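Contents: one structure, followed by commentary.
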Amino acid sequence: MLPPALMAQRLLVGGGLTVLLAWSFGLQSGRTTLDVSASGTLVFLLGAVMIAAGVALRRGSPHLLNLFPKEGEEAMAGRLKQELSDLDREERSNRAWARLEADALRDALDEEA
């Protein structure tokens, strides 16, 4: 499986080129115009923005890399296993502290009684 960043980049560039191709066919056949007030301009802008986002993702834009990580499936699985083990270690530590506090409170109550 390809990394999410590569799949998103291909999808954005391919989709943008498809939108621009459809727009140019509409322009050639006379179904759309170059008027700023027409919807053809919005279609052109959509295609351009999609291509620009794909190129930015390829160049390593930090905003887009947060959405689409570059790591592959194996690296992602390893990272998730590490995060789960860290959470498990933290949970065990929290339980130990809670047990220690409970024992200290119990000892304090026994001394008062």
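Residues are referred to by chain and number: the chain letter is A, B, ... according to the order shown in the structure tokens, the number counts from 1 in that chain, and ligands are numbered separately from 1 in the order shown.
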Find the spatial neighbours of Leu2 in chain A, counting only C-alpha atoms, within a cut-off of 12 Å - ignore same-chain residues fewer than 6 positions away - and output them as a list in words.
-> Ala8, Gln9, Arg10, Phe68, Pro69, Lys70, Glu71, Gly72, Glu73, Glu74, Ala75 and Met76 of chain A
Taking the DSSP assignment computed from this structure's backbone, write out as an MDAnalysis selection string all residues of chain A that belong to alpha helix (DSSP H).
-> chainID A and resid 4:29 39:59 62:67 73:112
Taking 3 positions as the minimum chain separation for residues in the same chain, which residues sit within 12 Å of range 61-67 of chain A when counting only C-alpha atoms? Answer as a PDB file with N, CA and C atoms, in the first residue's frame.
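The result, written out as part.pdb:
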```
ATOM      1  N   PRO A   3       2.022   5.172   0.645  1.00  0.00           N
ATOM      2  CA  PRO A   3       1.813   6.125   1.746  1.00  0.00           C
ATOM      3  C   PRO A   3       0.658   7.078   1.421  1.00  0.00           C
ATOM      4  N   PRO A   4      -0.074   7.522   2.452  1.00  0.00           N
ATOM      5  CA  PRO A   4      -1.206   8.426   2.222  1.00  0.00           C
ATOM      6  C   PRO A   4      -0.822   9.707   1.493  1.00  0.00           C
ATOM      7  N   ALA A   5       0.372  10.242   1.739  1.00  0.00           N
ATOM      8  CA  ALA A   5       0.783  11.485   1.079  1.00  0.00           C
ATOM      9  C   ALA A   5       0.909  11.288  -0.430  1.00  0.00           C
ATOM     10  N   LEU A   6       1.457  10.156  -0.842  1.00  0.00           N
ATOM     11  CA  LEU A   6       1.624   9.888  -2.265  1.00  0.00           C
ATOM     12  C   LEU A   6       0.274   9.665  -2.945  1.00  0.00           C
ATOM     13  N   ALA A   8      -2.639  10.870  -1.944  1.00  0.00           N
ATOM     14  CA  ALA A   8      -3.348  12.148  -1.984  1.00  0.00           C
ATOM     15  C   ALA A   8      -2.755  13.057  -3.053  1.00  0.00           C
ATOM     16  N   GLN A   9      -1.434  13.044  -3.181  1.00  0.00           N
ATOM     17  CA  GLN A   9      -0.793  13.874  -4.200  1.00  0.00           C
ATOM     18  C   GLN A   9      -1.238  13.452  -5.598  1.00  0.00           C
ATOM     19  N   LEU A  12      -4.926  14.487  -6.089  1.00  0.00           N
ATOM     20  CA  LEU A  12      -5.110  15.920  -6.290  1.00  0.00           C
ATOM     21  C   LEU A  12      -4.638  16.370  -7.676  1.00  0.00           C
ATOM     22  N   ALA A  52      -2.248  22.783  -7.511  1.00  0.00           N
ATOM     23  CA  ALA A  52      -1.341  23.476  -6.596  1.00  0.00           C
ATOM     24  C   ALA A  52      -1.219  22.726  -5.270  1.00  0.00           C
ATOM     25  N   ALA A  53      -2.322  22.181  -4.768  1.00  0.00           N
ATOM     26  CA  ALA A  53      -2.268  21.418  -3.521  1.00  0.00           C
ATOM     27  C   ALA A  53      -1.458  20.137  -3.705  1.00  0.00           C
ATOM     28  N   GLY A  54      -1.607  19.479  -4.840  1.00  0.00           N
ATOM     29  CA  GLY A  54      -0.819  18.284  -5.114  1.00  0.00           C
ATOM     30  C   GLY A  54       0.662  18.577  -5.197  1.00  0.00           C
ATOM     31  N   VAL A  55       1.019  19.678  -5.850  1.00  0.00           N
ATOM     32  CA  VAL A  55       2.428  20.071  -5.956  1.00  0.00           C
ATOM     33  C   VAL A  55       2.975  20.458  -4.580  1.00  0.00           C
ATOM     34  N   ALA A  56       2.189  21.174  -3.794  1.00  0.00           N
ATOM     35  CA  ALA A  56       2.621  21.556  -2.445  1.00  0.00           C
ATOM     36  C   ALA A  56       2.831  20.328  -1.568  1.00  0.00           C
ATOM     37  N   LEU A  57       1.982  19.343  -1.720  1.00  0.00           N
ATOM     38  CA  LEU A  57       2.123  18.106  -0.959  1.00  0.00           C
ATOM     39  C   LEU A  57       3.389  17.376  -1.375  1.00  0.00           C
ATOM     40  N   ARG A  58       3.694  17.384  -2.651  1.00  0.00           N
ATOM     41  CA  ARG A  58       4.905  16.727  -3.136  1.00  0.00           C
ATOM     42  C   ARG A  58       6.162  17.418  -2.601  1.00  0.00           C
ATOM     43  N   LYS A  70       3.641  10.919   5.313  1.00  0.00           N
ATOM     44  CA  LYS A  70       4.481  10.304   4.292  1.00  0.00           C
ATOM     45  C   LYS A  70       4.864   8.868   4.636  1.00  0.00           C
ATOM     46  N   GLU A  71       4.647   8.464   5.865  1.00  0.00           N
ATOM     47  CA  GLU A  71       5.091   7.142   6.270  1.00  0.00           C
ATOM     48  C   GLU A  71       4.221   6.050   5.659  1.00  0.00           C
TER      49      GLU A  71
END
```
Per residue of range 44-104 of chain A within 8 Å of range 19-22 of chain A, what are the shortest atom pair and its distance in Å to one decimal, counting only C-alpha atoms, with rows by chain and residue number, as CSV?
```
residue,atom,partner,partner_atom,distance
A:Phe44,CA,A:Leu20,CA,6.0
A:Leu46,CA,A:Val19,CA,7.5
A:Gly47,CA,A:Val19,CA,5.2
A:Ala48,CA,A:Leu20,CA,7.5
```
Write the residues you've just listed into a file as a PDB file, in the first residue's frame, and include C-alpha atoms for each of them.
```
ATOM      1  CA  PHE A  44     -10.827  26.564 -13.750  1.00  0.00           C
ATOM      2  CA  LEU A  46     -10.909  24.477  -8.731  1.00  0.00           C
ATOM      3  CA  GLY A  47      -8.612  22.601 -11.100  1.00  0.00           C
ATOM      4  CA  ALA A  48      -5.752  25.017 -10.488  1.00  0.00           C
TER       5      ALA A  48
END
```
Pick from A:Val43, A:Leu100, A:Ala77, A:Met50, whichever lies nearest to Ser24 in chain A using only C-alpha atoms |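 Smallest separation from Ser24 in chain A among the options: A:Val43.
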For CA of Gly40 in chain A and CA of Leu17 in chain A, quote the distance in Å rounded to one decimal.
->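 Taking CA of Gly40 in chain A as the start and CA of Leu17 in chain A as the end point, the length is 14.9 Å.
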